[in-house]
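Chemist: Hey, dropping model-v8.pdb in here, PDB, C-alpha atoms and all ligand atoms:
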ATOM      1  CA  MET A 166     -31.980 -60.413   6.201
ATOM      2  CA  THR A 167     -33.363 -61.811   2.980
ATOM      3  CA  GLU A 168     -35.764 -64.687   3.215
ATOM      4  CA  THR A 169     -34.517 -67.785   1.424
ATOM      5  CA  ALA A 170     -36.946 -70.437   0.255
ATOM      6  CA  PHE A 171     -35.955 -73.965   1.243
ATOM      7  CA  ILE A 172     -37.566 -76.345  -1.242
ATOM      8  CA  TYR A 173     -37.782 -80.041  -0.430
ATOM      9  CA  HIS A 174     -40.038 -83.062  -0.769
ATOM     10  CA  PRO A 175     -40.192 -86.090   1.555
ATOM     11  CA  GLU A 176     -40.662 -88.426  -1.427
ATOM     12  CA  CYS A 177     -37.093 -87.746  -2.537
ATOM     13  CA  ASP A 178     -36.368 -90.394   0.109
ATOM     14  CA  LEU A 179     -38.044 -92.924  -2.198
ATOM     15  CA  HIS A 180     -34.905 -92.935  -4.336
ATOM     16  CA  GLN A 181     -32.958 -95.672  -2.555
ATOM     17  CA  PRO A 182     -29.964 -96.856  -4.567
ATOM     18  CA  GLY A 183     -29.020 -99.375  -1.882
ATOM     19  CA  PRO A 184     -27.775 -99.253   1.723
ATOM     20  CA  ALA A 185     -24.102 -99.117   0.751
ATOM     21  CA  HIS A 186     -24.580 -96.401  -1.845
ATOM     22  CA  PRO A 187     -23.178 -92.980  -0.876
ATOM     23  CA  GLU A 188     -26.054 -91.029  -2.452
ATOM     24  CA  HIS A 189     -28.696 -92.261   0.012
ATOM     25  CA  PRO A 190     -31.744 -90.727   1.729
ATOM     26  CA  ALA A 191     -29.764 -90.096   4.939
ATOM     27  CA  ARG A 192     -28.025 -87.167   3.197
ATOM     28  CA  VAL A 193     -31.095 -84.953   3.027
ATOM     29  CA  GLN A 194     -32.433 -86.362   6.299
ATOM     30  CA  ALA A 195     -29.198 -85.300   8.059
ATOM     31  CA  ILE A 196     -29.413 -81.798   6.572
ATOM     32  CA  MET A 197     -33.059 -81.371   7.598
ATOM     33  CA  ARG A 198     -32.374 -82.634  11.134
ATOM     34  CA  HIS A 199     -29.389 -80.328  11.553
ATOM     35  CA  LEU A 200     -31.218 -77.222  10.303
ATOM     36  CA  LYS A 201     -34.114 -77.964  12.637
ATOM     37  CA  ASN A 202     -31.804 -78.578  15.618
ATOM     38  CA  ILE A 203     -30.042 -75.251  15.235
ATOM     39  CA  GLY A 204     -33.302 -73.362  14.672
ATOM     40  CA  LEU A 205     -32.531 -72.267  11.110
ATOM     41  CA  THR A 206     -35.697 -73.751   9.604
ATOM     42  CA  ASP A 207     -37.627 -71.013  11.447
ATOM     43  CA  LYS A 208     -35.717 -68.403   9.456
ATOM     44  CA  LEU A 209     -36.354 -70.045   6.080
ATOM     45  CA  LEU A 210     -39.439 -70.172   3.928
ATOM     46  CA  MET A 211     -40.014 -73.929   4.025
ATOM     47  CA  GLU A 212     -41.761 -75.022   0.816
ATOM     48  CA  GLN A 213     -42.645 -78.505  -0.334
ATOM     49  CA  VAL A 214     -42.248 -79.125  -4.083
ATOM     50  CA  ALA A 215     -45.682 -78.402  -5.575
ATOM     51  CA  ASP A 216     -45.400 -80.298  -8.853
ATOM     52  CA  ARG A 217     -43.153 -82.756 -10.580
ATOM     53  CA  ALA A 218     -41.290 -81.411 -13.588
ATOM     54  CA  SER A 219     -43.405 -81.898 -16.704
ATOM     55  CA  TYR A 220     -42.363 -83.782 -19.817
ATOM     56  CA  ASN A 221     -41.935 -80.445 -21.615
ATOM     57  CA  ASP A 222     -39.749 -79.068 -18.815
ATOM     58  CA  VAL A 223     -37.405 -82.024 -19.219
ATOM     59  CA  LEU A 224     -37.634 -81.979 -23.025
ATOM     60  CA  ARG A 225     -36.014 -78.515 -23.124
ATOM     61  CA  VAL A 226     -32.870 -80.241 -21.828
ATOM     62  CA  HIS A 227     -32.841 -83.930 -22.706
ATOM     63  CA  HIS A 228     -33.293 -86.011 -25.828
ATOM     64  CA  PRO A 229     -36.729 -87.738 -26.019
ATOM     65  CA  LYS A 230     -34.997 -91.130 -26.073
ATOM     66  CA  HIS A 231     -33.245 -90.258 -22.814
ATOM     67  CA  ILE A 232     -36.547 -89.320 -21.182
ATOM     68  CA  ASP A 233     -38.085 -92.599 -22.419
ATOM     69  CA  GLN A 234     -35.149 -94.510 -20.966
ATOM     70  CA  VAL A 235     -35.557 -92.818 -17.575
ATOM     71  CA  ASP A 236     -39.339 -93.314 -17.633
ATOM     72  CA  ARG A 237     -38.794 -97.058 -17.927
ATOM     73  CA  LEU A 238     -36.637 -97.191 -14.767
ATOM     74  CA  LYS A 239     -39.290 -98.700 -12.520
ATOM     75  CA  PRO A 240     -38.183-101.934 -10.873
ATOM     76  CA  GLU A 241     -41.000-103.645  -8.979
ATOM     77  CA  HIS A 242     -38.683-104.343  -6.060
ATOM     78  CA  GLY A 243     -35.019-104.163  -5.134
ATOM     79  CA  CYS A 244     -32.468-102.065  -6.987
ATOM     80  CA  ILE A 245     -31.315-102.205 -10.579
ATOM     81  CA  GLN A 246     -28.081-100.848 -11.982
ATOM     82  CA  VAL A 247     -28.505 -98.294 -14.767
ATOM     83  CA  GLU A 248     -24.828 -97.532 -15.370
ATOM     84  CA  GLY A 249     -21.627 -97.511 -13.297
ATOM     85  CA  ASP A 250     -22.596 -96.401  -9.798
ATOM     86  CA  THR A 251     -26.097 -95.289 -10.766
ATOM     87  CA  TRP A 252     -28.892 -97.479  -9.411
ATOM     88  CA  VAL A 253     -32.665 -97.140  -9.108
ATOM     89  CA  SER A 254     -35.311 -98.464  -6.724
ATOM     90  CA  PRO A 255     -39.114 -98.676  -7.171
ATOM     91  CA  GLY A 256     -39.625 -95.080  -5.976
ATOM     92  CA  SER A 257     -36.722 -93.479  -7.842
ATOM     93  CA  LEU A 258     -38.780 -92.184 -10.749
ATOM     94  CA  ASP A 259     -40.976 -90.145  -8.398
ATOM     95  CA  ALA A 260     -37.896 -88.610  -6.767
ATOM     96  CA  ILE A 261     -36.282 -87.910 -10.148
ATOM     97  CA  TYR A 262     -39.256 -85.858 -11.357
ATOM     98  CA  LEU A 263     -39.670 -84.135  -7.981
ATOM     99  CA  ALA A 264     -36.007 -83.112  -7.855
ATOM    100  CA  ALA A 265     -36.310 -81.473 -11.262
ATOM    101  CA  GLY A 266     -39.667 -80.019 -10.181
ATOM    102  CA  ALA A 267     -37.996 -78.228  -7.269
ATOM    103  CA  GLY A 268     -35.961 -76.070  -9.652
ATOM    104  CA  VAL A 269     -39.053 -75.432 -11.773
ATOM    105  CA  MET A 270     -40.911 -74.248  -8.688
ATOM    106  CA  ALA A 271     -38.040 -72.011  -7.589
ATOM    107  CA  ALA A 272     -37.795 -70.468 -11.056
ATOM    108  CA  LYS A 273     -41.534 -69.770 -11.275
ATOM    109  CA  ASP A 274     -41.736 -68.330  -7.747
ATOM    110  CA  ILE A 275     -38.710 -66.094  -8.204
ATOM    111  CA  MET A 276     -40.018 -64.791 -11.515
ATOM    112  CA  ALA A 277     -43.395 -64.140  -9.834
ATOM    113  CA  GLY A 278     -41.556 -62.092  -7.196
ATOM    114  CA  TYR A 279     -42.471 -64.302  -4.216
ATOM    115  CA  TYR A 280     -38.843 -64.412  -3.089
ATOM    116  CA  LYS A 281     -35.363 -63.786  -4.510
ATOM    117  CA  ARG A 282     -33.385 -66.803  -3.395
ATOM    118  CA  ALA A 283     -34.048 -70.491  -3.126
ATOM    119  CA  PHE A 284     -32.155 -73.579  -2.089
ATOM    120  CA  CYS A 285     -33.534 -76.851  -3.458
ATOM    121  CA  CYS A 286     -32.655 -79.595  -0.968
ATOM    122  CA  VAL A 287     -33.573 -82.499  -3.209
ATOM    123  CA  ARG A 288     -32.083 -85.659  -4.632
ATOM    124  CA  PRO A 289     -31.117 -87.400  -6.861
ATOM    125  CA  PRO A 290     -28.578 -84.794  -7.986
ATOM    126  CA  GLY A 291     -28.363 -83.705 -11.617
ATOM    127  CA  HIS A 292     -25.122 -82.180 -12.860
ATOM    128  CA  HIS A 293     -23.626 -85.338 -14.399
ATOM    129  CA  ALA A 294     -26.749 -86.071 -16.493
ATOM    130  CA  GLU A 295     -25.903 -85.278 -20.119
ATOM    131  CA  VAL A 296     -28.302 -84.523 -22.975
ATOM    132  CA  ASP A 297     -28.745 -88.231 -23.661
ATOM    133  CA  ARG A 298     -26.992 -90.013 -20.813
ATOM    134  CA  VAL A 299     -27.743 -91.075 -17.239
ATOM    135  CA  MET A 300     -24.521 -90.816 -15.303
ATOM    136  CA  GLY A 301     -22.882 -90.476 -11.874
ATOM    137  CA  PHE A 302     -26.021 -90.789  -9.674
ATOM    138  CA  CYS A 303     -27.827 -88.284 -11.987
ATOM    139  CA  PHE A 304     -30.840 -88.857 -14.282
ATOM    140  CA  PHE A 305     -32.199 -85.444 -15.275
ATOM    141  CA  ASN A 306     -30.049 -82.332 -15.104
ATOM    142  CA  ASN A 307     -32.057 -80.424 -12.503
ATOM    143  CA  ILE A 308     -30.256 -77.085 -12.816
ATOM    144  CA  ALA A 309     -30.452 -77.190 -16.618
ATOM    145  CA  VAL A 310     -34.208 -77.800 -16.446
ATOM    146  CA  ALA A 311     -34.554 -74.603 -14.372
ATOM    147  CA  ALA A 312     -32.226 -72.641 -16.673
ATOM    148  CA  GLN A 313     -34.076 -73.631 -19.833
ATOM    149  CA  LEU A 314     -37.444 -72.808 -18.277
ATOM    150  CA  LEU A 315     -36.166 -69.328 -17.383
ATOM    151  CA  ARG A 316     -34.880 -68.780 -20.909
ATOM    152  CA  HIS A 317     -37.803 -70.200 -22.849
ATOM    153  CA  GLU A 318     -40.803 -69.338 -20.673
ATOM    154  CA  TYR A 319     -39.631 -66.133 -19.003
ATOM    155  CA  GLY A 320     -37.457 -64.728 -21.767
ATOM    156  CA  LEU A 321     -34.292 -64.347 -19.729
ATOM    157  CA  ASN A 322     -31.463 -63.765 -22.162
ATOM    158  CA  LYS A 323     -28.456 -64.288 -19.948
ATOM    159  CA  VAL A 324     -28.187 -67.012 -17.322
ATOM    160  CA  ALA A 325     -25.119 -68.073 -15.328
ATOM    161  CA  ILE A 326     -24.611 -71.469 -13.689
ATOM    162  CA  LEU A 327     -21.868 -71.814 -11.067
ATOM    163  CA  ASP A 328     -20.866 -75.332 -10.039
ATOM    164  CA  PHE A 329     -18.593 -75.781  -7.008
ATOM    165  CA  ASP A 330     -19.166 -79.525  -6.598
ATOM    166  CA  VAL A 331     -15.803 -81.311  -6.463
ATOM    167  CA  HIS A 332     -16.743 -83.216  -9.631
ATOM    168  CA  HIS A 333     -16.979 -81.479 -12.976
ATOM    169  CA  GLY A 334     -20.538 -80.756 -14.133
ATOM    170  CA  ASN A 335     -20.047 -82.615 -17.404
ATOM    171  CA  GLY A 336     -23.783 -82.910 -17.973
ATOM    172  CA  THR A 337     -24.371 -79.182 -17.696
ATOM    173  CA  ALA A 338     -21.399 -78.561 -20.004
ATOM    174  CA  SER A 339     -22.798 -81.011 -22.559
ATOM    175  CA  ILE A 340     -26.171 -79.251 -22.526
ATOM    176  CA  PHE A 341     -24.989 -75.636 -22.774
ATOM    177  CA  GLN A 342     -21.735 -75.908 -24.745
ATOM    178  CA  ASN A 343     -23.377 -74.424 -27.853
ATOM    179  CA  ILE A 344     -25.648 -71.934 -26.080
ATOM    180  CA  PRO A 345     -23.506 -68.811 -25.535
ATOM    181  CA  ASP A 346     -26.272 -67.070 -23.536
ATOM    182  CA  VAL A 347     -25.672 -69.534 -20.714
ATOM    183  CA  LEU A 348     -22.391 -69.100 -18.879
ATOM    184  CA  PHE A 349     -21.227 -72.253 -17.117
ATOM    185  CA  CYS A 350     -18.436 -71.975 -14.541
ATOM    186  CA  SER A 351     -17.252 -75.200 -12.937
ATOM    187  CA  SER A 352     -14.449 -75.808 -10.437
ATOM    188  CA  PHE A 353     -13.445 -79.406  -9.897
ATOM    189  CA  GLN A 354     -10.692 -81.738  -8.790
ATOM    190  CA  SER A 355      -8.620 -82.818 -11.773
ATOM    191  CA  PRO A 356      -7.706 -85.416 -12.699
ATOM    192  CA  HIS A 357     -10.783 -87.037 -11.190
ATOM    193  CA  TYR A 358     -14.207 -88.416 -12.118
ATOM    194  CA  PRO A 359     -15.758 -87.934 -14.684
ATOM    195  CA  GLU A 360     -13.187 -86.494 -17.150
ATOM    196  CA  ARG A 361     -15.839 -85.734 -19.744
ATOM    197  CA  PHE A 362     -16.477 -82.339 -21.360
ATOM    198  CA  THR A 363     -13.512 -80.839 -19.519
ATOM    199  CA  HIS A 364     -11.738 -79.358 -22.551
ATOM    200  CA  LEU A 365     -14.353 -77.191 -24.241
ATOM    201  CA  ASP A 366     -12.609 -74.121 -25.599
ATOM    202  CA  LYS A 367     -15.579 -71.766 -25.564
ATOM    203  CA  PRO A 368     -16.035 -68.391 -23.887
ATOM    204  CA  ASN A 369     -19.178 -69.537 -22.025
ATOM    205  CA  MET A 370     -17.425 -72.605 -20.556
ATOM    206  CA  VAL A 371     -15.111 -71.533 -17.705
ATOM    207  CA  PHE A 372     -13.419 -74.477 -16.026
ATOM    208  CA  THR A 373     -11.059 -74.338 -13.047
ATOM    209  CA  ARG A 374      -9.073 -77.521 -12.502
ATOM    210  CA  LEU A 375      -7.910 -78.085  -8.953
ATOM    211  CA  PRO A 376      -5.232 -80.658  -8.159
ATOM    212  CA  ALA A 377      -5.798 -83.089  -5.278
ATOM    213  CA  GLY A 378      -4.869 -81.430  -1.995
ATOM    214  CA  SER A 379      -6.034 -77.946  -3.027
ATOM    215  CA  ASP A 380      -6.926 -76.026   0.125
ATOM    216  CA  SER A 381      -9.031 -73.010   1.125
ATOM    217  CA  HIS A 382      -6.825 -70.596  -0.803
ATOM    218  CA  THR A 383      -8.023 -72.076  -4.062
ATOM    219  CA  VAL A 384     -11.600 -70.970  -3.346
ATOM    220  CA  LYS A 385     -10.548 -67.333  -3.600
ATOM    221  CA  ARG A 386      -8.649 -68.068  -6.792
ATOM    222  CA  VAL A 387     -11.669 -69.748  -8.354
ATOM    223  CA  TRP A 388     -13.798 -66.688  -7.638
ATOM    224  CA  LEU A 389     -11.373 -63.832  -8.255
ATOM    225  CA  ASP A 390      -9.444 -65.200 -11.226
ATOM    226  CA  ASP A 391     -12.102 -67.140 -13.097
ATOM    227  CA  TRP A 392     -15.739 -66.758 -12.030
ATOM    228  CA  LEU A 393     -15.985 -63.053 -11.200
ATOM    229  CA  PRO A 394     -14.414 -61.801 -14.469
ATOM    230  CA  ALA A 395     -16.613 -64.209 -16.460
ATOM    231  CA  LEU A 396     -19.740 -63.061 -14.623
ATOM    232  CA  GLU A 397     -18.895 -59.397 -15.123
ATOM    233  CA  LYS A 398     -18.529 -59.994 -18.823
ATOM    234  CA  HIS A 399     -21.654 -62.143 -19.130
ATOM    235  CA  GLN A 400     -23.990 -59.894 -17.077
ATOM    236  CA  PRO A 401     -26.483 -62.651 -16.148
ATOM    237  CA  GLU A 402     -30.075 -61.895 -15.164
ATOM    238  CA  ILE A 403     -30.091 -64.721 -12.626
ATOM    239  CA  ILE A 404     -27.474 -66.980 -11.040
ATOM    240  CA  LEU A 405     -28.003 -70.701 -10.622
ATOM    241  CA  ILE A 406     -25.736 -72.731  -8.362
ATOM    242  CA  CYS A 407     -24.872 -76.432  -8.473
ATOM    243  CA  ALA A 408     -24.166 -76.686  -4.775
ATOM    244  CA  GLY A 409     -22.123 -79.800  -4.132
ATOM    245  CA  PHE A 410     -20.225 -79.917  -0.859
ATOM    246  CA  ASP A 411     -17.866 -82.789  -1.616
ATOM    247  CA  ALA A 412     -14.783 -80.549  -1.934
ATOM    248  CA  HIS A 413     -14.934 -80.417   1.877
ATOM    249  CA  THR A 414     -11.809 -81.749   3.533
ATOM    250  CA  ALA A 415     -13.782 -84.506   5.338
ATOM    251  CA  ASP A 416     -15.592 -85.783   2.246
ATOM    252  CA  PRO A 417     -14.748 -89.387   1.337
ATOM    253  CA  MET A 418     -15.344 -88.977  -2.423
ATOM    254  CA  ALA A 419     -12.462 -86.635  -3.270
ATOM    255  CA  ASP A 420      -9.232 -85.087  -2.038
ATOM    256  CA  LEU A 421      -9.711 -81.330  -1.714
ATOM    257  CA  GLY A 422      -9.347 -79.365   1.508
ATOM    258  CA  TRP A 423     -12.224 -76.874   1.586
ATOM    259  CA  HIS A 424     -13.969 -75.901   4.821
ATOM    260  CA  SER A 425     -17.413 -74.638   5.775
ATOM    261  CA  GLU A 426     -15.986 -71.082   5.990
ATOM    262  CA  ASP A 427     -15.041 -71.338   2.315
ATOM    263  CA  TYR A 428     -18.573 -72.201   1.264
ATOM    264  CA  TYR A 429     -19.870 -69.270   3.303
ATOM    265  CA  TRP A 430     -17.328 -66.896   1.751
ATOM    266  CA  LEU A 431     -17.962 -68.060  -1.801
ATOM    267  CA  THR A 432     -21.733 -67.867  -1.363
ATOM    268  CA  ARG A 433     -21.407 -64.317  -0.007
ATOM    269  CA  GLN A 434     -19.428 -63.278  -3.098
ATOM    270  CA  ILE A 435     -22.157 -64.753  -5.317
ATOM    271  CA  VAL A 436     -24.889 -62.997  -3.311
ATOM    272  CA  GLU A 437     -23.114 -59.639  -3.486
ATOM    273  CA  PHE A 438     -22.648 -60.002  -7.229
ATOM    274  CA  ALA A 439     -26.297 -61.009  -7.670
ATOM    275  CA  GLU A 440     -27.471 -58.021  -5.631
ATOM    276  CA  LYS A 441     -25.450 -55.660  -7.804
ATOM    277  CA  HIS A 442     -26.208 -57.176 -11.199
ATOM    278  CA  CYS A 443     -29.322 -59.355 -11.213
ATOM    279  CA  ASP A 444     -31.819 -58.179  -8.594
ATOM    280  CA  GLY A 445     -30.342 -60.635  -6.089
ATOM    281  CA  ARG A 446     -31.902 -63.627  -7.827
ATOM    282  CA  ILE A 447     -30.288 -66.982  -7.019
ATOM    283  CA  ILE A 448     -31.440 -70.591  -7.298
ATOM    284  CA  SER A 449     -29.142 -73.109  -5.643
ATOM    285  CA  MET A 450     -29.564 -76.877  -6.017
ATOM    286  CA  LEU A 451     -27.998 -79.583  -3.923
ATOM    287  CA  GLU A 452     -25.576 -81.798  -5.833
ATOM    288  CA  GLY A 453     -22.920 -83.885  -4.012
ATOM    289  CA  GLY A 454     -21.640 -84.011  -0.439
ATOM    290  CA  TYR A 455     -21.227 -87.390   1.234
ATOM    291  CA  HIS A 456     -19.869 -86.789   4.733
ATOM    292  CA  LEU A 457     -23.132 -86.296   6.569
ATOM    293  CA  GLN A 458     -21.904 -83.972   9.298
ATOM    294  CA  ALA A 459     -19.749 -81.839   6.999
ATOM    295  CA  LEU A 460     -22.570 -81.745   4.449
ATOM    296  CA  SER A 461     -25.078 -80.554   7.060
ATOM    297  CA  VAL A 462     -22.816 -77.789   8.356
ATOM    298  CA  CYS A 463     -21.853 -76.651   4.843
ATOM    299  CA  VAL A 464     -25.509 -76.432   3.803
ATOM    300  CA  GLU A 465     -26.189 -74.447   6.987
ATOM    301  CA  LYS A 466     -23.419 -71.960   6.142
ATOM    302  CA  HIS A 467     -24.524 -71.765   2.499
ATOM    303  CA  LEU A 468     -28.070 -70.949   3.666
ATOM    304  CA  LEU A 469     -26.828 -68.363   6.176
ATOM    305  CA  ALA A 470     -24.884 -66.645   3.407
ATOM    306  CA  LEU A 471     -27.892 -66.760   1.059
ATOM    307  CA  SER A 472     -30.026 -65.253   3.832
ATOM    308  CA  ASP A 473     -27.609 -62.400   4.685
ATOM    309  CA  LEU A 474     -27.013 -63.888   8.132
ATOM    310  CA  PRO A 475     -23.565 -64.043   9.786
ATOM    311  CA  TYR A 476     -21.422 -67.183   9.705
ATOM    312  CA  ASP A 477     -21.806 -67.690  13.458
ATOM    313  CA  TRP A 478     -25.553 -66.984  13.568
ATOM    314  CA  LYS A 479     -27.494 -68.417  16.503
ATOM    315  CA  PRO A 480     -31.218 -68.111  17.210
ATOM    316  CA  ASP A 481     -32.254 -65.308  19.618
TER
HETATM  317 ZN    ZN B   1     -19.716 -84.422  -6.607
END
Please go through the file and, once you have read it, give me the structure as structure tokens.
Ligand SMILES: [Zn+2]
Modeler:
Amino acid sequence: MTETAFIYHPECDLHQPGPAHPEHPARVQAIMRHLKNIGLTDKLLMEQVADRASYNDVLRVHHPKHIDQVDRLKPEHGCIQVEGDTWVSPGSLDAIYLAAGAGVMAAKDIMAGYYKRAFCCVRPPGHHAEVDRVMGFCFFNNIAVAAQLLRHEYGLNKVAILDFDVHHGNGTASIFQNIPDVLFCSSFQSPHYPERFTHLDKPNMVFTRLPAGSDSHTVKRVWLDDWLPALEKHQPEIILICAGFDAHTADPMADLGWHSEDYYWLTRQIVEFAEKHCDGRIISMLEGGYHLQALSVCVEKHLLALSDLPYDWKPD
């Protein structure tokens, strides 16, 4: 088995967009409880985020005005609405910088050779955050912060980002649309939220639209028809994953019919590709997933696949 780092921080719970909001602290709490109950935390390298992302880390991705706007999101009490469904509480800013810091830590540790694979179990998510726009529960684009660090500080030339969240990673597309060295593959329900940056006709932007009702078979199509050929052509030196689990059939936020077996299968394909082409290096970051039980099981299966453990693994 390969040891997978599990990167988290309890202060991500400080981001509390309100009791009725779907992106609430109970998501990560449910995942952590489930992994502990089944004994998987003993198999993982549990690491608390060491540092918040720095201003420079975020500046490689976002416009300075955007960072200023986020830095001002500090209500003294209660929640304030930033846009649409995106709200902040007094502790949100800490969580926002810690979530981005998780990817920074994973990138630095992997490049230092401490481990090959990491899953960042942090929130708020990031893939809807555009260069200059807070959007869809997202403030800073966590995966983009990690990708830009790897390119600019570690000299990686080719990076691939795979996004299997049910919603299109419009933020990531906005950031990398003119950077051909970063391949961005995104599968998403369409038509569906957010319908932005979905029609970029560029070789490094590979989008797979899935109609409502798409079932497990579509997972294989996403990989075999779209992602694998693009990856083979791009030859990335590391693979980053926007791991949203809201395409699951039980998820209340969308209408796809994926199952935990599909996430295991897809993750195994990514791992096997990474082993063959990029020293096995993978950083995965939690994005969506709003049915707590389905989310917990899908994260479990994703972690088993990342760790070279079987789908039906049980502790000895
Ligand atoms: Zn989503």
Chemist: Would you please work out which residue, of A:Ala260, A:Val223, A:Ile308, A:Ala415, is nearest to Leu238 of chain A when using all atoms listed in the file?
Modeler: A:Ala260
Chemist: Nearest to ligand ZN 1 (chain B): which of A:Ala271, A:Ala412, A:Ala325, A:Val464 is it, counting all atoms listed in the file?
Modeler: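 Going through A:Ala271, A:Ala412, A:Ala325, A:Val464 one by one, the smallest distance to ligand ZN 1 (chain B) is for A:Ala412.
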Chemist: Would you mind telling me which residue in A:Leu460, A:Ala408, A:Ile326, A:Leu431 lies nearest to Arg386 of chain A when using all atoms listed in the file?
Modeler: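 Of A:Leu460, A:Ala408, A:Ile326, A:Leu431, the one nearest Arg386 of chain A is A:Leu431, counting all atoms listed in the file.
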Chemist: For Ser381 of chain A, which residue among A:Arg446, A:Lys398, A:Lys208, A:His424 is the nearest when counting only C-alpha atoms?
Modeler: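 Looking only at the distances to Ser381 of chain A, the closest residue turns out to be A:His424.
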Chemist: Given the PyMOL selection byres (((not hetatm)) within 7 of (chain B and resi 1)) and the file above, list the residues it selects as a PyMOL selection string.
Modeler: chain A and resi 330-332+409+411+452-454
Chemist: As an exercise, work out the distance from atom CA of Tyr279 of chain A to atom CA of Glu318 of chain A in Å and give it to one decimal place.
Modeler: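 So the two atoms, atom CA of Tyr279 of chain A and atom CA of Glu318 of chain A, lie 17.3 Å apart.
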Chemist: Residues at most 8 Å from Ala267 of chain A, counting only C-alpha atoms, excluding those fewer than 5 positions away in the same chain, as an MDAnalysis selection string?
Modeler: chainID A and resid 172:173 214:218 285 287
Chemist: Identify, on the basis of all atoms listed in the file, every residue whose closest approach to Leu393 of chain A does not exceed 9 Å; exclude the query and any residue fewer than 4 positions from it along the same chain; express the result as number ranges by chain.
Modeler: A: 387-389, 397-398, 434-435, 438
Chemist: Since we have the selection now, will you write its residues out, keeping C-alpha atoms, as a compact mmCIF listing (two decimals), in the frame of the given file?
Modeler:
# COMPACT_ATOMS: atom_id res chain seq x y z
CA VAL A 387 -11.67 -69.75 -8.35
CA TRP A 388 -13.80 -66.69 -7.64
CA LEU A 389 -11.37 -63.83 -8.26
CA GLU A 397 -18.90 -59.40 -15.12
CA LYS A 398 -18.53 -59.99 -18.82
CA GLN A 434 -19.43 -63.28 -3.10
CA ILE A 435 -22.16 -64.75 -5.32
CA PHE A 438 -22.65 -60.00 -7.23
Chemist: What lies within 12 Å of Glu241 of chain A using only C-alpha atoms, ignoring chain neighbours under 2 positions off, as a list in words?
Modeler: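 My list of contacting residues is Arg237, Leu238, Lys239, Gly243, Cys244, Ile245, Val253, Ser254, Pro255, Gly256, Ser257 and Leu258 of chain A.
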Chemist: I'd like to see the residues matched by the PyMOL selection byres (((chain A and resi 288) around 8) and not hetatm) on this file, and ideally I'd get them as JSON, numbers by chain.
Modeler: {"A": [177, 178, 180, 193, 260, 261, 264, 286, 287, 289, 290, 451, 452]}
Chemist: Applying the PyMOL selection byres (((chain A and resi 344-354) around 8) and not hetatm) to the file I just gave you, which residues come out? Please list them as a count of residues only.
Modeler: 39
Chemist: Have a look at A:Thr167, A:Gln194, A:Ser219, A:Thr363 and name the one nearest to Val436 of chain A; count all atoms listed in the file.
Modeler: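 Nearest to Val436 of chain A: A:Thr167.
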Chemist: Which distance in Å separates atom CA of Met270 of chain A and atom CA of Thr169 of chain A, to one decimal?
Modeler: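 That distance, rounded to one decimal, is 13.6 Å.
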Chemist: Would you list the contacts of Phe362 of chain A as number ranges by chain, taking every protein, DNA or RNA residue within 7 Å and counting all atoms listed in the file, but skipping same-chain residues closer than 3 positions in sequence?
Modeler: A: 335, 338-339, 365
